[in-house]
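Visitor: Data: work_7.txt, compact mmCIF, C-alpha atoms.
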# COMPACT_ATOMS: atom_id res chain seq x y z
CA MET A 497 -35.99 13.15 61.11
CA GLY A 498 -37.13 10.82 58.34
CA VAL A 499 -40.70 9.59 58.25
CA GLU A 500 -42.19 6.66 56.44
CA HIS A 501 -45.49 7.46 54.78
CA GLY A 502 -48.29 5.02 54.20
CA GLU A 503 -49.53 3.85 50.85
CA GLY A 504 -50.59 6.72 48.59
CA ASP A 505 -48.12 9.05 50.32
CA ARG A 506 -50.79 11.61 51.20
CA LYS A 507 -49.74 14.86 52.78
CA TYR A 508 -49.93 14.64 56.55
CA ARG A 509 -53.00 16.16 58.16
CA HIS A 510 -53.11 16.26 61.98
CA PRO A 511 -56.29 14.27 62.76
CA GLY A 512 -56.84 15.99 66.11
CA GLN A 513 -56.63 19.41 64.53
CA ALA A 514 -58.86 18.31 61.66
CA PHE A 515 -61.45 17.18 64.20
CA LEU A 516 -61.27 20.34 66.30
CA SER A 517 -61.43 22.58 63.26
CA ARG A 518 -64.63 20.85 62.23
CA TYR A 519 -66.32 20.47 65.61
CA GLY A 520 -64.56 23.01 67.85
CA ALA A 521 -62.51 22.41 71.00
CA LEU A 522 -63.44 19.63 73.38
CA GLN A 523 -65.82 20.86 76.03
CA ARG A 524 -66.61 17.59 77.78
CA GLU A 525 -65.59 13.95 77.85
CA GLN A 526 -68.38 12.85 75.54
CA ASP A 527 -66.73 14.87 72.78
CA VAL A 528 -63.78 12.46 72.90
CA SER A 529 -65.88 9.56 71.65
CA ARG A 530 -67.01 11.69 68.69
CA TYR A 531 -63.37 11.81 67.63
CA VAL A 532 -63.29 8.03 67.33
CA GLU A 533 -66.35 8.19 65.07
CA PHE A 534 -64.68 10.96 63.11
CA LEU A 535 -61.53 8.86 62.53
CA ARG A 536 -63.62 5.90 61.49
CA GLN A 537 -65.84 7.84 59.09
CA GLU A 538 -63.05 9.89 57.55
CA ALA A 539 -60.97 6.78 56.87
CA GLY A 540 -63.93 4.80 55.57
CA LEU A 541 -63.51 2.18 58.29
CA GLY A 542 -66.31 -0.28 58.85
CA ASP A 543 -66.96 -2.13 62.09
CA THR A 544 -65.96 -5.57 60.81
CA PRO A 545 -63.05 -6.98 62.77
CA PRO A 546 -60.14 -6.79 62.77
CA ILE A 547 -60.10 -3.01 62.44
CA ASP A 548 -57.49 -1.97 59.91
CA LEU A 549 -55.71 1.04 61.40
CA SER A 550 -53.65 1.50 58.25
CA LEU A 551 -56.73 3.05 56.60
CA ILE A 552 -56.56 5.85 59.15
CA TYR A 553 -52.84 6.32 58.59
CA ARG A 554 -53.36 6.40 54.85
CA HIS A 555 -56.27 8.83 55.00
CA PHE A 556 -54.46 11.34 57.20
CA GLY A 557 -51.02 10.75 55.70
CA ILE A 558 -49.75 9.56 59.09
CA PRO A 559 -46.42 7.74 58.77
CA THR A 560 -46.71 4.05 59.59
CA PRO A 561 -45.79 3.80 63.30
CA ARG A 562 -42.24 2.54 63.75
CA ARG A 563 -41.24 -0.28 66.02
CA ALA A 564 -38.51 0.74 68.47
CA PRO A 565 -36.63 -0.83 71.39
CA LEU A 566 -38.52 1.14 74.03
CA ASP A 567 -38.22 0.12 77.64
CA GLU A 568 -40.72 1.76 79.97
CA GLN A 569 -43.02 3.11 77.29
CA GLN A 570 -45.46 1.11 75.18
CA GLY A 571 -45.67 3.90 72.66
CA ILE A 572 -44.67 7.49 72.08
CA LEU A 573 -46.11 10.26 69.98
CA VAL A 574 -42.76 11.77 69.05
CA ASP A 575 -43.88 14.67 66.93
CA SER A 576 -47.48 15.66 66.37
CA ARG A 577 -46.42 17.98 63.53
CA THR A 578 -45.39 14.98 61.44
CA GLY A 579 -47.49 12.29 63.15
CA MET A 580 -44.41 10.25 64.04
CA ILE A 581 -45.28 7.45 66.44
CA LEU A 582 -42.99 4.83 68.00
CA ILE A 583 -44.31 1.52 69.30
CA LYS A 584 -42.50 -0.84 71.66
CA GLU A 585 -41.20 -3.56 69.38
CA ASP A 586 -41.16 -6.43 71.86
CA ASP A 587 -44.75 -6.00 73.04
CA PRO A 588 -47.19 -8.61 71.75
CA LEU A 589 -48.81 -7.56 68.47
CA VAL A 590 -52.23 -7.14 70.05
CA ARG A 591 -50.79 -4.77 72.61
CA GLN A 592 -48.98 -2.86 69.88
CA ARG A 593 -52.31 -2.38 68.10
CA PHE A 594 -53.92 -1.05 71.26
CA THR A 595 -50.99 1.33 71.77
CA GLU A 596 -51.41 2.57 68.21
CA GLY A 597 -55.05 3.33 69.00
CA HIS A 598 -53.95 5.10 72.17
CA GLU A 599 -51.46 7.27 70.28
CA LEU A 600 -54.10 8.22 67.72
CA MET A 601 -56.13 9.49 70.67
CA GLU A 602 -53.09 11.40 71.95
CA LEU A 603 -53.22 13.41 68.74
CA LEU A 604 -56.62 14.68 69.78
CA PHE A 605 -55.34 15.85 73.17
CA ASP A 606 -52.31 17.38 71.50
CA ALA A 607 -54.61 19.47 69.32
CA GLN A 608 -56.76 20.32 72.33
CA GLU A 609 -53.67 21.45 74.25
CA GLN A 610 -52.77 23.79 71.41
CA ALA A 611 -56.29 25.17 71.37
CA ARG A 612 -56.43 25.41 75.16
CA THR A 613 -54.71 28.72 75.56
CA GLU A 614 -57.70 29.93 77.49
CA SER A 615 -58.43 28.51 80.90
CA PHE A 616 -62.14 27.86 80.36
CA LEU A 617 -61.49 24.80 78.22
CA PRO A 618 -61.14 21.56 80.16
CA ASN A 619 -57.65 20.43 81.05
CA TRP A 620 -57.84 16.78 82.06
CA SER A 621 -55.32 15.36 84.50
CA ALA A 622 -52.63 13.13 83.03
CA ASP A 623 -54.27 10.03 84.55
CA ARG A 624 -57.71 10.96 83.28
CA LYS A 625 -56.32 11.69 79.82
CA GLU A 626 -54.57 8.31 79.78
CA ARG A 627 -57.84 6.59 80.63
CA LEU A 628 -59.67 8.53 77.94
CA CYS A 629 -56.99 7.52 75.41
CA ASP A 630 -57.34 3.87 76.44
CA GLN A 631 -61.11 4.10 76.24
CA GLY A 632 -60.82 5.67 72.79
CA ALA A 633 -58.43 2.93 71.65
CA ALA A 634 -60.93 0.31 72.82
CA ASP A 635 -63.78 2.11 71.02
CA LEU A 636 -61.71 2.23 67.86
CA LEU A 637 -60.56 -1.39 67.86
CA MET A 638 -63.75 -2.95 69.21
CA PRO A 639 -66.64 -0.95 67.74
CA GLN A 640 -69.75 -1.33 69.81
CA THR A 641 -71.93 -1.95 66.75
CA SER A 642 -70.22 -5.21 65.88
CA PHE A 643 -68.82 -6.15 69.29
CA LEU A 644 -72.02 -6.04 71.32
CA PRO A 645 -74.12 -8.37 69.12
CA ARG A 646 -71.32 -10.96 69.21
CA LEU A 647 -71.00 -10.63 72.97
CA ASN A 648 -74.74 -11.00 73.43
CA GLU A 649 -74.76 -14.07 71.23
CA LEU A 650 -71.82 -15.80 72.92
CA GLY A 651 -72.38 -14.72 76.54
CA LEU A 652 -69.86 -13.23 78.92
CA SER A 653 -67.16 -15.79 79.69
CA LEU A 654 -63.44 -16.31 79.41
CA SER A 655 -64.00 -18.45 76.35
CA THR A 656 -65.93 -15.62 74.67
CA GLY A 657 -63.11 -13.29 75.64
CA ARG A 658 -60.61 -15.50 73.86
CA SER A 659 -62.79 -15.74 70.74
CA LEU A 660 -63.44 -12.01 70.54
CA ALA A 661 -59.80 -11.17 71.27
CA ALA A 662 -58.75 -13.39 68.36
CA LEU A 663 -61.39 -11.86 66.11
CA TYR A 664 -60.65 -8.22 66.94
CA GLN A 665 -56.88 -8.77 67.35
CA THR A 666 -56.89 -7.24 70.78
CA SER A 667 -55.41 -8.48 74.03
CA LEU A 668 -57.48 -10.79 76.19
CA LEU A 669 -57.39 -8.24 79.00
CA ALA A 670 -58.57 -5.32 76.84
CA THR A 671 -61.28 -7.53 75.38
CA LEU A 672 -62.53 -8.68 78.78
CA VAL A 673 -62.62 -5.10 80.03
CA ARG A 674 -64.70 -4.16 77.00
CA MET A 675 -67.01 -7.14 77.56
CA VAL A 676 -67.65 -6.17 81.17
CA GLN A 677 -68.25 -2.53 80.18
CA TYR A 678 -70.93 -3.60 77.70
CA GLY A 679 -72.14 -6.84 79.26
CA THR A 680 -75.43 -7.56 80.93
CA GLY A 681 -75.92 -9.82 83.94
CA GLU A 682 -73.85 -9.81 87.12
CA HIS A 683 -70.19 -10.15 86.22
CA ALA A 684 -66.96 -8.67 87.56
CA LEU A 685 -63.44 -8.74 86.24
CA VAL A 686 -60.87 -8.73 89.02
CA LEU A 687 -57.09 -8.53 88.66
CA TRP A 688 -55.08 -9.93 91.58
CA HIS A 689 -51.41 -9.36 92.29
CA HIS A 690 -48.97 -10.36 94.99
CA ALA A 691 -48.64 -7.33 97.23
CA LEU A 692 -48.52 -5.82 100.69
CA THR A 693 -51.10 -3.40 102.03
CA GLN A 694 -49.99 0.23 102.27
CA ARG A 695 -49.68 -0.15 106.03
CA GLU A 696 -47.60 -3.31 105.69
CA SER A 697 -45.34 -1.57 103.15
CA ALA A 698 -44.77 1.30 105.57
CA GLN A 699 -44.09 -1.08 108.46
CA THR A 700 -41.71 -3.16 106.37
CA ALA A 701 -39.80 -0.05 105.37
CA SER A 702 -39.42 1.15 108.95
CA SER A 703 -38.57 -2.11 110.69
CA SER A 704 -36.62 -5.29 110.19
CA ILE A 705 -39.79 -7.37 110.33
CA LYS A 706 -40.86 -8.19 106.81
CA ALA A 707 -44.56 -8.66 106.16
CA LYS A 708 -45.46 -11.45 103.77
CA LYS A 709 -47.04 -10.52 100.46
CA LYS A 710 -50.49 -11.89 99.73
CA LEU A 711 -52.56 -12.19 96.62
CA ARG A 712 -54.64 -9.00 96.68
CA ILE A 713 -57.09 -7.15 94.47
CA TRP A 714 -55.24 -4.76 92.17
CA TRP A 715 -58.25 -3.41 90.36
CA SER A 716 -61.71 -4.53 89.32
CA ILE A 717 -64.58 -3.54 87.09
CA ARG A 718 -68.18 -4.71 87.21
CA THR A 719 -71.11 -4.79 84.86
CA ASP A 720 -73.84 -2.23 85.51
CA ASP A 721 -76.08 -5.09 86.61
CA TRP A 722 -73.69 -6.35 89.32
CA ARG A 723 -75.49 -6.53 92.69
CA GLY A 724 -72.74 -8.36 94.55
CA GLY A 725 -71.62 -5.17 96.28
CA PHE A 726 -68.38 -3.25 96.51
CA ILE A 727 -65.15 -5.02 95.55
CA PRO A 728 -62.47 -3.44 97.75
CA LYS A 729 -59.02 -2.76 96.37
CA HIS A 730 -56.19 -4.52 98.26
CA LYS A 731 -58.49 -7.19 99.75
CA SER A 732 -56.63 -10.47 99.96
CA ILE A 733 -57.96 -13.86 98.92
CA ALA A 734 -57.95 -17.01 101.04
CA PRO A 735 -55.00 -19.31 100.23
CA ASP A 736 -57.32 -22.24 99.50
CA SER A 737 -59.40 -20.35 96.92
CA LEU A 738 -59.42 -21.16 93.22
CA ILE A 739 -57.83 -17.80 92.56
CA ALA A 740 -54.89 -18.52 94.90
CA LYS A 741 -54.54 -21.98 93.34
CA THR A 742 -54.39 -20.41 89.90
CA HIS A 743 -51.53 -18.25 91.07
CA LEU A 744 -49.75 -21.14 92.71
CA LYS A 745 -50.17 -23.69 89.93
CA GLY A 746 -49.95 -21.25 87.03
CA HIS A 747 -52.91 -22.60 85.10
CA HIS A 748 -56.62 -22.02 84.62
CA HIS A 749 -59.09 -22.94 87.38
CA SER A 750 -62.84 -22.59 87.49
CA GLY A 751 -65.63 -23.50 89.86
CA THR A 752 -68.11 -22.09 92.31
CA GLU A 753 -66.95 -20.59 95.58
CA THR A 754 -67.59 -17.92 98.17
CA ILE A 755 -65.30 -14.91 98.07
CA HIS A 756 -64.89 -12.84 101.22
CA LEU A 757 -64.74 -9.14 100.54
CA GLY A 758 -64.23 -7.79 104.04
CA TRP A 759 -67.68 -6.24 104.44
CA GLY A 760 -69.35 -9.53 103.54
CA GLU A 761 -69.13 -12.31 101.01
CA VAL A 762 -70.30 -13.10 97.53
CA ARG A 763 -71.06 -16.50 96.01
CA CYS A 764 -69.71 -16.74 92.48
CA GLN A 765 -68.86 -18.93 89.58
CA VAL A 766 -65.16 -18.16 89.15
CA GLU A 767 -63.00 -18.41 86.04
CA ALA A 768 -59.36 -17.62 86.81
CA ILE A 769 -56.24 -17.56 84.65
CA PRO A 770 -52.65 -16.61 85.34
CA ILE A 771 -51.47 -13.49 83.54
CA ALA A 772 -48.12 -11.69 83.53
CA PHE A 773 -47.53 -7.95 83.81
CA GLY A 774 -43.87 -7.29 83.21
CA ASP A 775 -42.16 -9.49 85.74
CA GLN A 776 -45.24 -9.72 87.97
CA SER A 777 -47.32 -12.87 87.87
CA CYS A 778 -50.96 -12.00 88.46
CA VAL A 779 -54.34 -13.68 88.26
CA LEU A 780 -57.21 -12.44 86.17
CA SER A 781 -60.57 -13.66 87.39
CA LEU A 782 -64.01 -13.37 85.93
CA LEU A 783 -66.70 -13.62 88.62
CA HIS A 784 -70.25 -14.56 87.66
CA ARG A 785 -72.68 -14.11 90.50
CA SER A 786 -74.64 -17.24 91.11
CA GLY A 787 -78.14 -16.98 89.75
CA SER A 788 -77.09 -14.47 87.08
CA ASP A 789 -76.82 -15.42 83.44
CA MET B 928 -42.97 38.39 88.89
CA ASP B 929 -40.99 35.49 87.44
CA GLU B 930 -38.16 35.86 84.94
CA PHE B 931 -40.17 34.69 81.95
CA ALA B 932 -43.03 37.06 82.73
CA GLN B 933 -40.58 39.93 82.99
CA LYS B 934 -38.91 39.02 79.68
CA VAL B 935 -42.22 38.84 77.85
CA ARG B 936 -43.27 42.22 79.18
CA ASP B 937 -39.89 43.88 78.53
CA ARG B 938 -39.58 42.52 75.00
CA ARG B 939 -43.15 43.44 74.14
CA LEU B 940 -42.48 47.02 75.23
CA GLN B 941 -39.19 47.05 73.30
CA GLU B 942 -41.06 45.87 70.23
CA LYS B 943 -43.66 48.60 70.85
CA LEU B 944 -46.47 46.10 70.82
CA SER B 945 -49.61 46.63 72.83
CA GLN B 946 -50.89 43.71 74.89
CA GLU B 947 -53.78 43.47 72.45
CA GLU B 948 -51.44 43.21 69.45
CA LEU B 949 -49.17 40.59 71.00
CA ALA B 950 -52.14 38.58 72.27
CA ASN B 951 -53.59 38.54 68.75
CA LYS B 952 -50.29 37.40 67.29
CA VAL B 953 -50.04 34.40 69.61
CA GLY B 954 -53.75 33.62 69.60
CA ILE B 955 -54.71 34.34 73.22
CA SER B 956 -56.83 36.98 74.90
CA ARG B 957 -55.36 40.26 76.12
CA ASN B 958 -56.53 39.38 79.59
CA TYR B 959 -54.60 36.10 79.54
CA LEU B 960 -51.44 37.83 78.29
CA SER B 961 -51.79 40.34 81.09
CA GLN B 962 -51.92 37.47 83.61
CA ILE B 963 -48.80 35.94 82.03
CA GLU B 964 -46.90 39.21 82.24
CA ARG B 965 -47.86 39.61 85.88
CA GLY B 966 -46.66 36.07 86.60
CA GLN B 967 -50.17 35.04 87.55
CA ALA B 968 -50.62 32.45 84.80
CA THR B 969 -48.40 29.51 85.54
CA ASN B 970 -47.82 26.12 83.95
CA LEU B 971 -48.12 27.54 80.43
CA SER B 972 -48.36 25.02 77.63
CA TRP B 973 -45.24 24.37 75.60
CA GLN B 974 -46.97 25.51 72.49
CA LEU B 975 -47.80 28.87 74.02
CA VAL B 976 -44.29 29.38 75.40
CA GLU B 977 -42.92 28.55 71.97
CA ARG B 978 -45.26 31.01 70.21
CA LEU B 979 -44.42 33.77 72.66
CA THR B 980 -40.67 33.20 72.41
CA ALA B 981 -40.86 32.98 68.61
CA VAL B 982 -42.98 36.12 68.16
CA LEU B 983 -40.83 38.11 70.60
CA GLY B 984 -37.52 36.76 69.30
CA LEU B 985 -36.66 35.32 72.71
CA LYS B 986 -35.55 31.94 71.38
CA GLU B 987 -31.87 32.75 71.00
CA ASP B 988 -31.37 34.31 74.40
CA SER B 989 -33.92 32.24 76.26
CA GLY B 990 -31.16 30.21 77.95
CA GLY B 991 -32.75 28.64 80.98
CA THR B 992 -35.96 30.59 80.54
CA LEU B 993 -37.96 27.80 78.94
CA GLU B 994 -36.92 25.42 81.67
CA GLN B 995 -38.19 27.85 84.26
CA ALA B 996 -41.32 28.92 82.44
CA ALA B 997 -42.77 25.61 81.51
CA ASP B 998 -42.93 22.22 83.02
CA ILE B 999 -39.67 20.44 82.15
CA PRO B 1000 -38.91 17.51 84.45
CA PRO B 1001 -35.74 18.15 86.50
CA SER B 1002 -34.23 14.84 85.33
CA LEU B 1003 -34.58 16.01 81.71
CA VAL B 1004 -32.98 19.35 82.57
CA GLN B 1005 -30.06 17.43 84.11
CA PHE B 1006 -29.64 15.26 81.02
CA ALA B 1007 -30.02 18.20 78.64
CA ARG B 1008 -27.32 20.17 80.46
CA ALA B 1009 -24.91 17.24 80.71
CA ALA B 1010 -25.35 16.29 77.05
CA HIS B 1011 -25.51 19.89 75.79
CA LEU B 1012 -28.70 19.11 73.92
CA PRO B 1013 -29.86 21.64 71.37
CA PRO B 1014 -32.97 23.52 72.59
CA ASP B 1015 -35.13 21.97 69.87
CA ASP B 1016 -34.27 18.49 71.11
CA VAL B 1017 -35.08 19.46 74.70
CA LEU B 1018 -38.42 20.72 73.50
CA MET B 1019 -38.98 17.53 71.52
CA LEU B 1020 -38.28 15.38 74.59
CA ALA B 1021 -40.42 17.55 76.84
CA ARG B 1022 -43.31 17.35 74.41
CA LEU B 1023 -43.35 13.55 74.01
CA LYS B 1024 -46.64 11.91 74.77
CA TYR B 1025 -46.40 8.44 76.20
CA ARG B 1026 -48.32 5.33 76.78
CA GLY B 1027 -46.30 4.17 79.77
CA GLN B 1028 -43.86 5.90 82.06
CA GLN B 1029 -42.04 9.16 81.56
CA PRO B 1030 -38.30 8.69 82.22
CA THR B 1031 -37.43 9.54 85.80
CA THR B 1032 -33.63 9.80 85.67
CA PRO B 1033 -31.13 11.53 83.35
CA GLU B 1034 -29.87 8.07 82.33
CA LYS B 1035 -33.35 6.97 81.24
CA TRP B 1036 -33.78 10.20 79.28
CA GLU B 1037 -30.51 9.49 77.53
CA LEU B 1038 -31.61 5.97 76.61
CA LEU B 1039 -34.89 7.25 75.26
CA TYR B 1040 -33.22 10.07 73.38
CA ASN B 1041 -30.86 7.63 71.69
CA VAL B 1042 -33.71 5.28 70.74
CA ILE B 1043 -35.64 8.17 69.20
CA LYS B 1044 -32.63 9.45 67.31
CA MET B 1045 -31.78 5.98 66.09
CA THR B 1046 -35.32 5.05 65.06
CA ALA B 1047 -36.58 8.36 63.79
CA GLY B 1048 -33.37 9.22 61.98
CA ASN B 1049 -33.54 6.13 59.76
Translate this file's structure into structure tokens.
Guide:
Amino acid sequence: MGVEHGEGDRKYRHPGQAFLSRYGALQREQDVSRYVEFLRQEAGLGDTPPIDLSLIYRHFGIPTPRRAPLDEQQGILVDSRTGMILIKEDDPLVRQRFTEGHELMELLFDAQEQARTESFLPNWSADRKERLCDQGAADLLMPQTSFLPRLNELGLSLSTGRSLAALYQTSLLATLVRMVQYGTGEHALVLWHHALTQRESAQTASSSIKAKKKLRIWWSIRTDDWRGGFIPKHKSIAPDSLIAKTHLKGHHHSGTETIHLGWGEVRCQVEAIPIAFGDQSCVLSLLHRSGSD
Amino acid sequence: MDEFAQKVRDRRLQEKLSQEELANKVGISRNYLSQIERGQATNLSWQLVERLTAVLGLKEDSGGTLEQAADIPPSLVQFARAAHLPPDDVLMLARLKYRGQQPTTPEKWELLYNVIKMTAGN
């Protein structure tokens, strides 16, 4: 299979193997973040956005990832022996960049898998590995050293998310996740989708009575400072809320309201925008607890 | 004992290799090789299966052995059999690392295979 090499046409060096041969096999999750630093240092990457991944490709002789008409995959590491990577061609460019970062992380786990012939080395589950690859991609594309000062200066908001996403050439969603991971104050990022509960799904499957889908929490993350309590997955939102209106009208809404979370309620400043995932229309909401910064 | 375990043991004895010698050749401990030969080590990595089959010369007559020894999705096995894929291509597909979903049907494997061939072959 033909491969297209980056500028300079350096001989390919597997970055995961290069890392493990220098530092030894991964023993714990913290070692994964050292790999990101390793890539950055080896390639002479600074932390000024946008991060130029081509420097990494050039340094390790990795062929420039090819765009391909993939369907259910955002990216594929085809062959770790040549570094061939395919990226879904009709994904937005910012998503393609994140996928590239993800695949660079896959090379680390590929090397680890080759080294892991003995059972004492950790063998992360596929889900956990995917999350570690996503976390690594975020670390690579949004280095903490430049990202955090900008976030602190601008404050955690949707508007800041848009600015930083444009600056770092990352998706708004990935940028907001990063902001909430690093942010101070009481903020939560909540993704809502139109869905049934598990019980309703089971009932619908076994009877002719069809339950009606509601706008429900798909997932959420909170800042470390959040004191608003647990945000339960699958909890639905009232039809008259700003979040439901955002879904219905398909445009941004913001304002202060009380959100009922089943166990209790939380008073928040809400910023909500419609967002699409494949053919699903969802709502992304940023909740700022009243009284927090 | 499973078929792969038996083949590894039989071929090692044919080749007059001690467990220690074979383990050294493939880069694992003698203890781990012993577990493999007794069928006690399951879900072996592709890389290890490949090294063992290469060192022992099992590649040519492995037939369905790789499919049984390592973790090939049944839908890929179906596609590979129907399309008479060369073993190297089956290995390539089985080794892919994704961001997104692994194909779940033989038809989806075929689509992906064609995309890879088309894109990577250019």
Visitor: As a PyMOL selection string, please: the residues near range 657-669 of chain A (cut-off 10 Å, only C-alpha atoms, same-chain neighbours under 2 positions excluded).
Guide: chain A and resi 544-548+588-594+634+637-639+643+646-647+650-655+671-675+685+687+771+780
Visitor: Residues within 10 Å of Ala1009 in chain B, please, as a PyMOL selection string. Count only C-alpha atoms; anything in the same chain fewer than 5 positions from it doesn't count.
Guide: chain B and resi 1003-1004+1033
Visitor: Do you have the CA of Ile581 in chain A-CA of Glu599 in chain A distance handy?
Guide: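 That distance, rounded to one decimal, is 7.3 Å.
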Visitor: So that I can check the surroundings of range 764-767 of chain A, please list as an NGL selection string every protein, DNA and RNA residue that reaches within 12 Å of it, counting only C-alpha atoms and ignoring chain neighbours fewer than 4 positions away.
Guide: :A and (652-655 or 657 or 682-687 or 722-724 or 737-742 or 747-756 or 779-789)
Visitor: Kindly assemble as a tab-separated table a list of the chain B residues that lie within 6 Å of chain A, each paired with its nearest atom pair and their distance in Å to one decimal, using only C-alpha atoms, sorted first by chain and then by ascending residue number.
Guide:
residue	atom	partner	partner_atom	distance
B:Leu1023	CA	A:Val574	CA	5.3
B:Lys1024	CA	A:Leu573	CA	5.1
B:Tyr1025	CA	A:Ile572	CA	4.6
B:Arg1026	CA	A:Gly571	CA	5.1
B:Gly1027	CA	A:Gln569	CA	4.2
B:Gln1028	CA	A:Gln569	CA	5.6
B:Ala1047	CA	A:Met497	CA	5.5
B:Gly1048	CA	A:Met497	CA	4.8
Visitor: Go through B:Ser1002, B:Val976, B:Arg957, B:Lys952 and flag the residue nearest Thr1031 in chain B, using all atoms listed in the file for the distances.
Guide: B:Ser1002
Visitor: Taking all atoms listed in the file into account, which of B:Val953, B:Asp1016, B:Arg938, B:Thr1032 comes nearest Glu977 in chain B?
Guide: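 Of B:Val953, B:Asp1016, B:Arg938, B:Thr1032, the one nearest Glu977 in chain B, counting all atoms listed in the file, is B:Val953.
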Visitor: Which value, in Å to one decimal, gives the distance between CA of Trp714 in chain A and CA of Pro770 in chain A?
Guide: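 These two atoms are separated by 13.9 Å.
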Visitor: Would you kindly return, as a PDB file with C-alpha atoms, in the coordinates of the input, each protein, DNA or RNA residue with an atom no farther than 10 Å from any atom of Tyr1040 in chain B, considering only C-alpha atoms and excluding same-chain residues fewer than 3 positions away?
Guide:
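The result, written out as part-v4.pdb:
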ATOM      1  CA  PHE B1006     -29.640  15.260  81.020  1.00  0.00           C
ATOM      2  CA  ASP B1016     -34.270  18.490  71.110  1.00  0.00           C
ATOM      3  CA  VAL B1017     -35.080  19.460  74.700  1.00  0.00           C
ATOM      4  CA  MET B1019     -38.980  17.530  71.520  1.00  0.00           C
ATOM      5  CA  LEU B1020     -38.280  15.380  74.590  1.00  0.00           C
ATOM      6  CA  GLU B1034     -29.870   8.070  82.330  1.00  0.00           C
ATOM      7  CA  LYS B1035     -33.350   6.970  81.240  1.00  0.00           C
ATOM      8  CA  TRP B1036     -33.780  10.200  79.280  1.00  0.00           C
ATOM      9  CA  GLU B1037     -30.510   9.490  77.530  1.00  0.00           C
ATOM     10  CA  ILE B1043     -35.640   8.170  69.200  1.00  0.00           C
ATOM     11  CA  LYS B1044     -32.630   9.450  67.310  1.00  0.00           C
ATOM     12  CA  MET B1045     -31.780   5.980  66.090  1.00  0.00           C
ATOM     13  CA  THR B1046     -35.320   5.050  65.060  1.00  0.00           C
TER      14      THR B1046
END
Visitor: To one decimal in Å, tell me the separation between CA of Ala521 in chain A and CA of Phe534 in chain A.
Guide: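 Computed distance, CA of Ala521 in chain A to CA of Phe534 in chain A, equals 14.1 Å.
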